[in-house]
Structure formats: C-alpha cells, structure tokens
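Source file: query.cif; contents: mmCIF, C-alpha atoms.
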```cif
data_upload
#
loop_
_atom_site.label_atom_id
_atom_site.label_comp_id
_atom_site.auth_asym_id
_atom_site.auth_seq_id
_atom_site.Cartn_x
_atom_site.Cartn_y
_atom_site.Cartn_z
CA MET A 211 -7.09 47.06 -8.31
CA ASN A 212 -9.98 48.72 -6.46
CA ALA A 213 -10.26 49.26 -2.73
CA LEU A 214 -13.56 47.36 -2.74
CA PHE A 215 -15.27 45.25 -5.37
CA LEU A 216 -18.60 43.46 -4.92
CA GLN A 217 -19.81 40.96 -7.49
CA GLY A 218 -23.41 39.74 -7.22
CA VAL A 219 -23.48 40.02 -3.42
CA SER A 220 -26.70 38.93 -1.71
CA LYS A 221 -27.91 38.42 1.85
CA ARG A 222 -30.96 36.32 2.59
CA PHE A 223 -32.84 35.96 5.88
CA GLY A 224 -34.98 32.87 5.47
CA GLY A 225 -36.81 33.39 2.20
CA LEU A 226 -36.37 37.17 2.18
CA TYR A 227 -33.49 38.89 0.41
CA ALA A 228 -32.36 41.98 2.33
CA VAL A 229 -29.84 42.73 -0.42
CA SER A 230 -29.80 41.05 -3.80
CA ASP A 231 -27.20 40.81 -6.57
CA ILE A 232 -25.19 43.89 -5.56
CA THR A 233 -22.30 44.68 -7.89
CA MET A 234 -20.23 47.73 -6.98
CA ASP A 235 -16.62 48.86 -7.27
CA VAL A 236 -15.04 51.59 -5.15
CA ALA A 237 -11.71 53.04 -6.27
CA HIS A 238 -8.76 53.78 -3.98
CA GLY A 239 -9.24 57.13 -2.28
CA GLU A 240 -12.82 57.49 -3.49
CA ARG A 241 -15.56 59.13 -1.44
CA ARG A 242 -18.67 57.02 -2.02
CA ALA A 243 -22.12 57.52 -0.49
CA LEU A 244 -24.64 54.70 -0.16
CA ILE A 245 -28.15 56.14 0.02
CA GLY A 246 -31.74 54.99 -0.14
CA PRO A 247 -35.00 54.99 1.84
CA ASN A 248 -35.44 53.15 5.12
CA GLY A 249 -35.32 49.38 4.65
CA ALA A 250 -33.33 49.61 1.43
CA GLY A 251 -30.65 47.24 2.77
CA LYS A 252 -27.82 49.73 3.32
CA THR A 253 -26.75 48.64 6.81
CA THR A 254 -27.18 44.97 5.90
CA LEU A 255 -24.79 45.49 3.00
CA PHE A 256 -22.32 47.21 5.35
CA ASN A 257 -22.55 44.26 7.73
CA VAL A 258 -21.85 41.82 4.91
CA ILE A 259 -18.86 43.83 3.65
CA ALA A 260 -17.41 44.09 7.16
CA GLY A 261 -18.02 40.41 7.91
CA ASP A 262 -20.56 40.94 10.70
CA LEU A 263 -22.98 38.93 8.55
CA PRO A 264 -22.03 36.18 6.08
CA ALA A 265 -22.97 36.74 2.45
CA SER A 266 -25.60 34.38 1.05
CA GLY A 267 -24.13 34.71 -2.42
CA GLY A 268 -21.64 36.60 -4.52
CA GLU A 269 -18.05 37.69 -3.91
CA ILE A 270 -16.42 40.46 -1.86
CA ASN A 271 -12.93 41.63 -2.75
CA LEU A 272 -11.01 43.99 -0.49
CA PHE A 273 -7.78 45.45 -1.88
CA GLY A 274 -7.56 42.62 -4.39
CA GLN A 275 -8.21 39.82 -1.88
CA ASN A 276 -11.32 37.67 -1.81
CA VAL A 277 -12.66 38.17 1.72
CA THR A 278 -16.11 36.64 1.19
CA ARG A 279 -15.52 33.93 3.80
CA MET A 280 -12.90 35.81 5.78
CA PRO A 281 -13.66 36.61 9.47
CA VAL A 282 -14.01 40.19 10.70
CA HIS A 283 -10.57 40.43 12.34
CA ARG A 284 -8.80 39.48 9.12
CA ARG A 285 -10.70 42.11 7.16
CA VAL A 286 -9.71 44.61 9.83
CA GLY A 287 -6.13 43.44 9.39
CA LEU A 288 -6.36 44.39 5.71
CA GLY A 289 -7.22 47.97 6.70
CA LEU A 290 -11.02 48.06 6.97
CA ARG A 291 -12.64 50.08 9.78
CA ARG A 292 -16.30 50.90 10.35
CA THR A 293 -18.68 52.71 12.68
CA TYR A 294 -22.20 51.70 13.67
CA GLN A 295 -25.53 53.50 13.95
CA ARG A 296 -25.27 53.15 17.73
CA SER A 297 -22.16 54.29 19.52
CA ALA A 298 -19.63 51.56 20.28
CA LEU A 299 -17.30 53.22 22.79
CA PHE A 300 -15.72 52.27 26.13
CA ASP A 301 -17.79 54.66 28.24
CA ALA A 302 -15.79 54.06 31.45
CA LEU A 303 -12.50 54.96 29.74
CA THR A 304 -11.28 58.44 28.88
CA VAL A 305 -11.24 59.87 25.39
CA ALA A 306 -7.45 59.39 25.33
CA GLN A 307 -7.78 55.74 26.38
CA ASN A 308 -10.44 55.07 23.75
CA LEU A 309 -8.24 56.60 21.07
CA TYR A 310 -5.24 54.60 22.27
CA LEU A 311 -7.21 51.40 21.81
CA GLY A 312 -7.83 52.53 18.24
CA VAL A 313 -4.12 53.23 17.77
CA LEU A 314 -3.20 49.74 19.06
CA GLY A 315 -5.48 48.18 16.47
CA PRO A 316 -6.63 44.55 16.36
CA ASN A 317 -3.33 42.80 16.96
CA ARG A 318 -3.32 42.54 20.75
CA GLY A 319 -5.43 40.67 23.27
CA HIS A 320 -8.45 42.51 24.65
CA PHE A 321 -7.26 42.71 28.25
CA ASP A 322 -3.70 43.56 27.22
CA MET A 323 -5.08 46.45 25.17
CA LEU A 324 -7.14 47.77 28.08
CA SER A 325 -4.15 47.61 30.39
CA LEU A 326 -1.93 49.48 27.96
CA ALA A 327 -4.62 52.10 27.32
CA GLN A 328 -5.02 52.80 31.03
CA LYS A 329 -1.24 53.21 31.47
CA ASP A 330 0.07 54.81 28.31
CA ALA A 331 -2.77 56.59 26.47
CA THR A 332 -1.71 60.17 27.20
CA ARG A 333 1.89 59.50 26.14
CA SER A 334 1.04 58.49 22.59
CA PRO A 335 1.83 61.14 19.96
CA ARG A 336 -0.71 59.47 17.67
CA VAL A 337 -3.47 59.91 20.27
CA ALA A 338 -2.74 63.65 20.44
CA GLU A 339 -2.65 63.86 16.65
CA VAL A 340 -5.99 62.10 16.21
CA ALA A 341 -7.60 64.07 19.05
CA GLU A 342 -6.62 67.30 17.34
CA SER A 343 -7.92 66.11 13.97
CA VAL A 344 -11.36 65.30 15.43
CA GLY A 345 -11.56 68.34 17.69
CA LEU A 346 -11.29 66.58 21.05
CA VAL A 347 -7.97 67.88 22.39
CA ASP A 348 -9.72 69.62 25.29
CA ARG A 349 -11.66 66.46 26.16
CA LEU A 350 -8.85 63.91 26.36
CA GLU A 351 -9.28 63.32 30.11
CA ALA A 352 -13.09 63.19 29.99
CA CYS A 353 -14.77 59.79 30.20
CA ALA A 354 -16.44 58.79 26.96
CA GLY A 355 -19.71 58.34 28.85
CA GLU A 356 -19.70 62.07 29.68
CA LEU A 357 -19.50 63.24 26.07
CA SER A 358 -22.34 64.87 24.18
CA HIS A 359 -23.86 62.97 21.26
CA GLY A 360 -21.89 65.05 18.79
CA GLU A 361 -18.63 64.51 20.66
CA ARG A 362 -19.28 60.77 20.70
CA ARG A 363 -19.58 60.84 16.93
CA GLN A 364 -16.28 62.73 16.76
CA LEU A 365 -14.65 60.11 18.99
CA GLU A 366 -16.06 57.26 16.91
CA PHE A 367 -14.56 58.84 13.82
CA GLY A 368 -11.27 59.22 15.68
CA LEU A 369 -11.30 55.52 16.59
CA ALA A 370 -11.99 54.61 12.98
CA ILE A 371 -8.97 56.53 11.67
CA ALA A 372 -6.57 56.08 14.61
CA SER A 373 -4.71 53.10 13.19
CA GLU A 374 -4.44 54.68 9.73
CA PRO A 375 -6.89 52.42 7.87
CA ARG A 376 -7.21 51.99 4.12
CA LEU A 377 -11.03 51.88 3.98
CA VAL A 378 -13.39 53.58 6.44
CA MET A 379 -17.11 52.72 6.43
CA LEU A 380 -19.37 55.13 8.33
CA ASP A 381 -22.97 54.15 9.08
CA GLU A 382 -25.09 57.31 9.36
CA PRO A 383 -22.42 59.52 10.97
CA MET A 384 -24.83 62.49 11.07
CA SER A 385 -27.64 60.67 12.88
CA GLY A 386 -29.08 62.73 15.73
CA LEU A 387 -26.69 65.65 15.28
CA SER A 388 -27.60 69.33 15.41
CA PRO A 389 -26.96 71.48 12.30
CA GLU A 390 -23.80 72.87 13.92
CA GLU A 391 -22.54 69.37 14.77
CA ARG A 392 -23.25 68.22 11.21
CA VAL A 393 -21.07 71.01 9.85
CA LYS A 394 -18.26 69.88 12.16
CA ILE A 395 -18.49 66.23 11.07
CA VAL A 396 -18.57 67.20 7.39
CA LYS A 397 -15.37 69.18 7.91
CA LEU A 398 -13.80 66.12 9.58
CA LEU A 399 -14.72 63.97 6.60
CA GLU A 400 -13.24 66.53 4.23
CA THR A 401 -9.90 66.34 6.07
CA LEU A 402 -9.64 62.56 5.68
CA PRO A 403 -6.36 61.81 3.83
CA ARG A 404 -6.85 61.02 0.16
CA LYS A 405 -5.06 57.68 0.61
CA VAL A 406 -8.03 56.54 2.71
CA THR A 407 -11.16 55.34 0.91
CA LEU A 408 -14.48 56.46 2.41
CA LEU A 409 -17.81 54.66 2.11
CA LEU A 410 -20.70 56.15 4.05
CA ILE A 411 -24.41 55.60 4.59
CA GLU A 412 -26.21 58.89 4.98
CA HIS A 413 -29.92 59.83 5.02
CA ASP A 414 -29.21 63.55 4.70
CA MET A 415 -29.07 64.01 0.93
CA ASP A 416 -27.36 67.40 1.19
CA VAL A 417 -24.55 65.88 3.26
CA ALA A 418 -24.24 62.75 1.11
CA LEU A 419 -24.07 64.70 -2.12
CA SER A 420 -21.61 67.27 -0.74
CA VAL A 421 -19.15 64.74 0.72
CA ALA A 422 -19.26 62.02 -1.92
CA LYS A 423 -17.92 62.19 -5.44
CA ARG A 424 -19.94 59.14 -6.45
CA VAL A 425 -23.27 57.85 -5.12
CA THR A 426 -24.89 54.39 -5.14
CA VAL A 427 -28.65 54.24 -4.53
CA LEU A 428 -30.33 51.17 -3.04
CA HIS A 429 -34.05 50.42 -3.07
CA GLU A 430 -35.59 47.19 -1.78
CA GLY A 431 -32.17 45.58 -1.60
CA ARG A 432 -31.07 46.36 -5.13
CA VAL A 433 -28.94 49.04 -6.81
CA ILE A 434 -31.27 51.27 -8.82
CA ALA A 435 -28.84 54.05 -9.74
CA GLU A 436 -25.19 55.02 -9.53
CA GLY A 437 -23.37 58.12 -10.62
CA SER A 438 -22.08 61.54 -9.70
CA PRO A 439 -24.02 63.70 -7.21
CA GLU A 440 -25.31 65.76 -10.14
CA GLU A 441 -26.52 62.66 -11.99
CA ILE A 442 -28.21 61.26 -8.89
CA SER A 443 -29.92 64.57 -8.12
CA ALA A 444 -31.36 64.65 -11.64
CA ASN A 445 -32.40 60.97 -11.71
CA SER A 446 -36.21 60.74 -11.82
CA LEU A 447 -36.32 57.24 -10.31
CA VAL A 448 -34.19 58.36 -7.37
CA GLN A 449 -36.46 61.36 -6.87
CA GLN A 450 -39.46 59.04 -6.83
CA VAL A 451 -38.18 56.43 -4.36
CA TYR A 452 -35.89 58.55 -2.18
CA LEU A 453 -36.61 62.25 -2.43
CA GLY A 454 -40.30 61.57 -2.81
CA GLU A 455 -40.37 59.58 0.42
CA LYS A 456 -38.42 62.29 2.20
CA LEU A 457 -40.82 65.00 1.06
CA ASN A 458 -43.82 62.96 2.17
CA ASP A 459 -42.46 62.28 5.71
#
```
In structure tokens, write the structure found in this file.
Amino acid sequence: MNALFLQGVSKRFGGLYAVSDITMDVAHGERRALIGPNGAGKTTLFNVIAGDLPASGGEINLFGQNVTRMPVHRRVGLGLRRTYQRSALFDALTVAQNLYLGVLGPNRGHFDMLSLAQKDATRSPRVAEVAESVGLVDRLEACAGELSHGERRQLEFGLAIASEPRLVMLDEPMSGLSPEERVKIVKLLETLPRKVTLLLIEHDMDVALSVAKRVTVLHEGRVIAEGSPEEISANSLVQQVYLGEKLND
C-alpha cells in the first residue's frame, strides 16, 4: 500500500485541462519532487490531491483509501498536511500559539482552538519540540506578523508537521528565500522523520534534486518524465522544456 496513488487524475476548467490523466504512486516515507515550468499544472494537482479542488476524472487513493470525493477535513484526518505558495498563518497570534493550533489538529472547533491556543500554547511540550526542530525557539513569543519571510516559511513547516502527519505536501517552500534561508529550509526537510512522506513542488532544480529521491516532471498538465534525480538531470526532454526555459529567463 502506497502513501499516495493517483490513477488517471484530471482537472478541467471549462474546456481546458489544467492537469490530464495523471498517474503517480508515492511510497511510504518517500521524498518526491514535482517539477516543471510555470503553468505546468503542479499547484492545480496539489489542490486536487488535498481536496481544495474536485477532480474532473480519475481516482485518488491516500493510504489505501479512495479519497476522490472526500472533503478536505477528512483527508486531513487521514494524515495529510500541506502548505501554500502564500503564507497561511495567524498573524495576530504568537509563534507558540500558531504552533499550538497545529498541534491541536483538525478535530476541534475553530473558536475553541483559538481559545486554547491563547491560554495553553507555551505549556505544550510538543510546541517546544516543534519550535526547536524548525529553529524558532527564540521567537516563540513573537507575533507571526512580525516574522521575516524566511521565518514565516519555517513556521509554516512547523505547522505542517506539528500534529505528526503521514504525508506533507509543500508548495514552493523556497519561494522568495535568500540563499542562506534556502540552506536552512533544506536542512529542515532533511530532518523530517522517515515515517513521514514528503511531496514538494520546487522551481529550484538544485534544491528539488538534492532533497528528493524521485522526481516527477509535469509539462502542459501531463507527466512527461519520472525517475531518480540523476535520470531526470540527464533526460533530454526535461532539459528542453524545463532547464531550457530556465536558461532562457
């Protein structure tokens, strides 16, 4: 049983297919990168897997369960967590309170969660543990809105792993980061427990190929290549549609 299995998954907007006939399997504990040029359909596919968008066709299996028509909160309940290209944090709450909301997970009411976070966040051993793992121990009492862009990415990653998920999906975690911040995030990804499966979208080929053990390449909504980082680096079609575009920017 794989962590994630897609069979012929498609997403159509009107008469246009953003992703078409995607078949992909991701093993438990695997580090998989999803790459491709702008407009390839990567984020759309993430949205379909997470349930933010309904699939137009095909089947999505998560940990052996068909979740194709399952709402977002039930997929979260199975252990799926994701981040977005734009930060999705509670800016008025502290780092500790944000992390505590992640620790509580999806099983409480929204206002109940906020109340508990405001009262109990700093007392949670799990909050301290996650803060240390993402390098934010010294920022626990800072409001999320005061964090630098790199620190916000660290906090987002902390939220994603706080409730000990089974599958983490990261959408361009390196976007907008300085070289030093990228090194820090790569180190965070490398410390992710092996029991957690990682699927990430990343435009930085060096990062994608260093973090992932297997790579899937999308172009115009379809899978055009899949393999090890070495195989993808040597693939002439990938060089043409991805590396070629990058070099011509």
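For the set A:Val425, A:Ala306, A:Leu314, A:Ala228, the residue with the smallest atom-to-atom gap to Gly287 of chain A is A:Leu314, counting only C-alpha atoms.
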- Item | Selection: 8 Å around segment 438-454 of chain A, all atoms listed in the file, excl. self and same-chain fewer than 3 positions, as an MDAnalysis selection string | chainID A and resid 246:247 419:420 422:425 427 429 434:435 457:458
Convert the current residue selection to file output with C-alpha atoms, as an mmCIF file, in the coordinates of the input.
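What landed in out.cif:
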```cif
data_model
loop_
_atom_site.group_PDB
_atom_site.id
_atom_site.type_symbol
_atom_site.label_atom_id
_atom_site.label_comp_id
_atom_site.auth_asym_id
_atom_site.auth_seq_id
_atom_site.Cartn_x
_atom_site.Cartn_y
_atom_site.Cartn_z
ATOM 1 C CA GLY A 246 -31.740 54.990 -0.140
ATOM 2 C CA PRO A 247 -35.000 54.990 1.840
ATOM 3 C CA LEU A 419 -24.070 64.700 -2.120
ATOM 4 C CA SER A 420 -21.610 67.270 -0.740
ATOM 5 C CA ALA A 422 -19.260 62.020 -1.920
ATOM 6 C CA LYS A 423 -17.920 62.190 -5.440
ATOM 7 C CA ARG A 424 -19.940 59.140 -6.450
ATOM 8 C CA VAL A 425 -23.270 57.850 -5.120
ATOM 9 C CA VAL A 427 -28.650 54.240 -4.530
ATOM 10 C CA HIS A 429 -34.050 50.420 -3.070
ATOM 11 C CA ILE A 434 -31.270 51.270 -8.820
ATOM 12 C CA ALA A 435 -28.840 54.050 -9.740
ATOM 13 C CA LEU A 457 -40.820 65.000 1.060
ATOM 14 C CA ASN A 458 -43.820 62.960 2.170
#
```
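The set of residues that the PyMOL selection byres ((chain A and resi 430) around 7) takes from this file is Gly249, Ala250, Gly251, Leu428, His429, Gly431 and Arg432 of chain A.
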- Task: Using only C-alpha atoms, determine which residues lie at most 10 Å from segment 397-404 of chain A, disregarding the query and same-chain residues fewer than 2 positions distant; provide the list as a list in words.
- Result: His238, Gly239, Glu240, Arg241, Ser343, Val344, Gly345, Gln364, Phe367, Gly368, Ile371, Glu374, Arg376, Val378, Pro383, Glu391, Arg392, Val393, Lys394, Ile395, Val406, Thr407, Leu408, Ser420, Val421 and Ala422 of chain A
- Straight-line distance linking atom CA of Val433 of chain A with atom CA of Ala265 of chain A, stated in Å to one decimal: 16.5 Å
- For Ala237 of chain A, list every protein, DNA or RNA residue within 8 Å, evaluated using only C-alpha atoms, and leave out those in the same chain fewer than 6 positions away; present the list as a list in words. Met211, Asn212, Ala213, Leu214 and Thr407 of chain A
- Message: Show me the residues close to (-13.4, 62.4, 30.8) - anything with an atom within 10 Å, counting all atoms listed in the file - and format the list as a PyMOL selection string.
- Response: chain A and resi 301-307+348-357
Mind writing the picked residues with C-alpha atoms as a tab-separated table (two decimals), in the coordinates of the input?
```
chain	number	residue	atom	x	y	z
A	301	ASP	CA	-17.79	54.66	28.24
A	302	ALA	CA	-15.79	54.06	31.45
A	303	LEU	CA	-12.50	54.96	29.74
A	304	THR	CA	-11.28	58.44	28.88
A	305	VAL	CA	-11.24	59.87	25.39
A	306	ALA	CA	-7.45	59.39	25.33
A	307	GLN	CA	-7.78	55.74	26.38
A	348	ASP	CA	-9.72	69.62	25.29
A	349	ARG	CA	-11.66	66.46	26.16
A	350	LEU	CA	-8.85	63.91	26.36
A	351	GLU	CA	-9.28	63.32	30.11
A	352	ALA	CA	-13.09	63.19	29.99
A	353	CYS	CA	-14.77	59.79	30.20
A	354	ALA	CA	-16.44	58.79	26.96
A	355	GLY	CA	-19.71	58.34	28.85
A	356	GLU	CA	-19.70	62.07	29.68
A	357	LEU	CA	-19.50	63.24	26.07
```
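Across A:Ile411, A:Leu346, A:Val313, A:Ala260, the tightest approach to Leu288 of chain A is made by A:Ala260 when counting only C-alpha atoms.
This file gives the following result for the PyMOL selection byres ((chain A and resi 233) around 9): A:Phe215, A:Leu216, A:Gln217, A:Gly218, A:Val219, A:Asp231, A:Ile232, A:Met234, A:Asp235, A:Gly268, A:Val433.
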- Rounded to one decimal in Å, what is the spacing between atom CA of Leu255 of chain A and atom CA of Asn308 of chain A? 27.0 Å
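Relative to atom CA of Phe300 of chain A, atom CA of Ala341 of chain A is found at 16.0 Å.
Among the candidates A:Val229, A:Leu244, A:Leu309, A:Val236, the residue lying nearest to Leu263 of chain A is A:Val229 (atoms considered: all atoms listed in the file).
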- Query: Which residues match the PyMOL selection byres ((chain A and resi 291) around 9) in the file above, as a PyMOL selection string?
  - Reply: chain A and resi 260+285-286+289-290+292-293+369-371+375-380
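For the set A:Ala372, A:Val282, A:Ile259, A:Leu272, the residue with the smallest atom-to-atom gap to Tyr310 of chain A is A:Ala372, counting only C-alpha atoms.
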- Message: Considering all atoms listed in the file, can you say which of A:Glu366, A:Arg279, A:Gly312, A:Ser334 comes closest to Gly267 of chain A?
- Response: A:Arg279
- Query: Between A:Thr254, A:Ser388, A:Asn248, A:Thr278, which is the closest to Glu412 of chain A once you count all atoms listed in the file?
  - Reply: A:Asn248
Missing atoms of segment 256-268 of chain A rebuilt to N, CA and C atoms, written as a PDB file, in the coordinates of the input:
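File written: out.pdb
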```
ATOM      1  N   PHE A 256     -23.501  46.875   4.552  1.00  0.00           N
ATOM      2  CA  PHE A 256     -22.320  47.210   5.350  1.00  0.00           C
ATOM      3  C   PHE A 256     -21.896  46.021   6.208  1.00  0.00           C
ATOM      4  N   ASN A 257     -22.866  45.389   6.859  1.00  0.00           N
ATOM      5  CA  ASN A 257     -22.550  44.260   7.730  1.00  0.00           C
ATOM      6  C   ASN A 257     -21.945  43.093   6.959  1.00  0.00           C
ATOM      7  N   VAL A 258     -22.398  42.892   5.748  1.00  0.00           N
ATOM      8  CA  VAL A 258     -21.850  41.820   4.910  1.00  0.00           C
ATOM      9  C   VAL A 258     -20.426  42.163   4.469  1.00  0.00           C
ATOM     10  N   ILE A 259     -20.204  43.416   4.070  1.00  0.00           N
ATOM     11  CA  ILE A 259     -18.860  43.830   3.650  1.00  0.00           C
ATOM     12  C   ILE A 259     -17.872  43.694   4.802  1.00  0.00           C
ATOM     13  N   ALA A 260     -18.298  44.119   5.997  1.00  0.00           N
ATOM     14  CA  ALA A 260     -17.410  44.090   7.160  1.00  0.00           C
ATOM     15  C   ALA A 260     -17.210  42.692   7.728  1.00  0.00           C
ATOM     16  N   GLY A 261     -18.119  41.763   7.389  1.00  0.00           N
ATOM     17  CA  GLY A 261     -18.020  40.410   7.910  1.00  0.00           C
ATOM     18  C   GLY A 261     -18.866  40.152   9.129  1.00  0.00           C
ATOM     19  N   ASP A 262     -19.656  41.137   9.558  1.00  0.00           N
ATOM     20  CA  ASP A 262     -20.560  40.940  10.700  1.00  0.00           C
ATOM     21  C   ASP A 262     -21.680  39.968  10.341  1.00  0.00           C
ATOM     22  N   LEU A 263     -22.020  39.915   9.057  1.00  0.00           N
ATOM     23  CA  LEU A 263     -22.980  38.930   8.550  1.00  0.00           C
ATOM     24  C   LEU A 263     -22.345  38.209   7.365  1.00  0.00           C
ATOM     25  N   PRO A 264     -22.571  36.890   7.243  1.00  0.00           N
ATOM     26  CA  PRO A 264     -22.030  36.180   6.080  1.00  0.00           C
ATOM     27  C   PRO A 264     -22.882  36.457   4.839  1.00  0.00           C
ATOM     28  N   ALA A 265     -22.241  36.573   3.702  1.00  0.00           N
ATOM     29  CA  ALA A 265     -22.970  36.740   2.450  1.00  0.00           C
ATOM     30  C   ALA A 265     -23.693  35.436   2.108  1.00  0.00           C
ATOM     31  N   SER A 266     -24.876  35.555   1.529  1.00  0.00           N
ATOM     32  CA  SER A 266     -25.600  34.380   1.050  1.00  0.00           C
ATOM     33  C   SER A 266     -25.204  34.014  -0.364  1.00  0.00           C
ATOM     34  N   GLY A 267     -24.587  34.945  -1.056  1.00  0.00           N
ATOM     35  CA  GLY A 267     -24.130  34.710  -2.420  1.00  0.00           C
ATOM     36  C   GLY A 267     -23.253  35.831  -2.888  1.00  0.00           C
ATOM     37  N   GLY A 268     -22.503  35.584  -3.947  1.00  0.00           N
ATOM     38  CA  GLY A 268     -21.640  36.600  -4.520  1.00  0.00           C
ATOM     39  C   GLY A 268     -20.251  36.607  -3.924  1.00  0.00           C
TER      40      GLY A 268
END
```
